[in-house]
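In what follows, a structure is listed as structure tokens, so that the remarks can point back to it.
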Amino acid sequence: MLFDMDGTLVDSEKVWEIALHELAANAGGTLSPAARQAMIGSSMANSMQILRDDLGQPDRPEAPDVEWLTDRVFELFGAGLVWRPGALELLHAVRFAGLPTALVTSTGRKLVEVALDTLGRENFDVVVCGDEVSMPKPDPEPYRTAAALLGVAIEDCVAIEDSPTGVSSALASGAAVLAVPAELELPPTDGVHLRTSLVGVDPAYLADLLVHRGLLQPER
């Protein structure tokens, strides 16, 4: 089992939104809704490029913004994160079933360590962070790396995602993909099974996705 974090397991995209709007204000500007949407599921480097373009400040130094944003989100994550509907129950069921499980996120290790206080370190055999791969999502490298670390063929894995960027990564990796949109609507896509939430999803349901991959229709 391969789980995305932000927007999939926990409702942390709202936390990022607070910090990103504050960062834009500190820079003397306002983050547009379109720019914020483009950042969802993206890497830190790509998000900072979107921010600079959106603010019309192409020469703005990146490193100080990354440091400020990381520190602010670290503070907000530390206050606790809210689980997405059905996510905690599914994670517990997967662990009870003894399935190898990985967290595969675009978020950097420093922030993931804080989030794991909510998620539970014991719930993951492997954690792959956005600053630990050479090619972040939407490249398939994060998911393929996680499967390799688990010692499981990627074709035998189910990846659960919420964003277009994450879905592209998971689909390109060769995993079966379950998509549960959070902040952004996801259009029906070949090879991707859509649900409105993780409520009711269990290990048997996930096994069925592997058996019938490509044959299932989107479920609203």
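Following the order of the structure tokens, first chain is A, next is B, and so on, with residues numbered from 1 inside each chain and ligands from 1 in the order they appear.
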
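Near Thr70 in chain A, within 10 Å and counting only C-alpha atoms, sit Trp16, Ala19, Met44, Pro64, Leu76, Thr107, Gly108, Lys110 and Leu111 of chain A, not including residues fewer than 6 positions from it in the same chain.
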
As a PyMOL selection string, please: all residues of range 23-216 of chain A that backbone DSSP puts in strand (DSSP E or B).
chain A and resi 83+102-104+126-128+158-161+176-179+192-194

Could you pull out the alpha helix (DSSP H) residues of range 63-197 of chain A, going by DSSP on the backbone, and write them as a ChimeraX atom specification?
/A:63-78,87-96,109-119,141-150,164-173

Per-residue nearest contacts range 56-111 of chain A to range 194-202 of chain A, cut-off 9 Å, using only C-alpha atoms, as CSV:
residue,atom,partner,partner_atom,distance
A:Arg84,CA,A:Leu198,CA,8.0
A:Pro85,CA,A:Val199,CA,6.0
A:Gly86,CA,A:Val199,CA,4.1
A:Ala87,CA,A:Leu198,CA,5.9
A:Glu89,CA,A:Val199,CA,8.1
A:Leu90,CA,A:Asp202,CA,5.8
A:Leu91,CA,A:Asp202,CA,8.8
A:Ala93,CA,A:Asp202,CA,6.5
A:Val94,CA,A:Asp202,CA,7.3

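Of note, CA of Ala34 in chain A and CA of Lys14 in chain A are spaced 15.2 Å apart.
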
Just the number, please: distance in Å from CA of Asp208 in chain A to CA of Pro100 in chain A, one decimal.
16.8 Å

Per-residue nearest contacts range 144-182 of chain A to range 113-132 of chain A, cut-off 8 Å, using only C-alpha atoms, as JSON lines:
{"residue": "A:Thr145", "atom": "CA", "partner": "A:Val128", "partner_atom": "CA", "distance": 7.6}
{"residue": "A:Ala146", "atom": "CA", "partner": "A:Val128", "partner_atom": "CA", "distance": 6.3}
{"residue": "A:Leu149", "atom": "CA", "partner": "A:Val126", "partner_atom": "CA", "distance": 6.9}
{"residue": "A:Leu150", "atom": "CA", "partner": "A:Val126", "partner_atom": "CA", "distance": 6.8}

Residue contacts of range 22-30 of chain A (8 Å, only C-alpha atoms) excluding same-chain residues fewer than 5 positions away, as number ranges by chain
A: 51, 55, 65, 68-69

Excluding same-chain residues fewer than 6 positions from Leu210 in chain A, what lies within 12 Å of it counting only C-alpha atoms, as a PyMOL selection string?
chain A and resi 1+154-159+174-178+191-193+203-204+216

Near Ala38 in chain A, within 9 Å and counting only C-alpha atoms, which residues show up once chain neighbours fewer than 4 positions away are dropped, as a PyMOL selection string?
chain A and resi 33-34+42+47+50
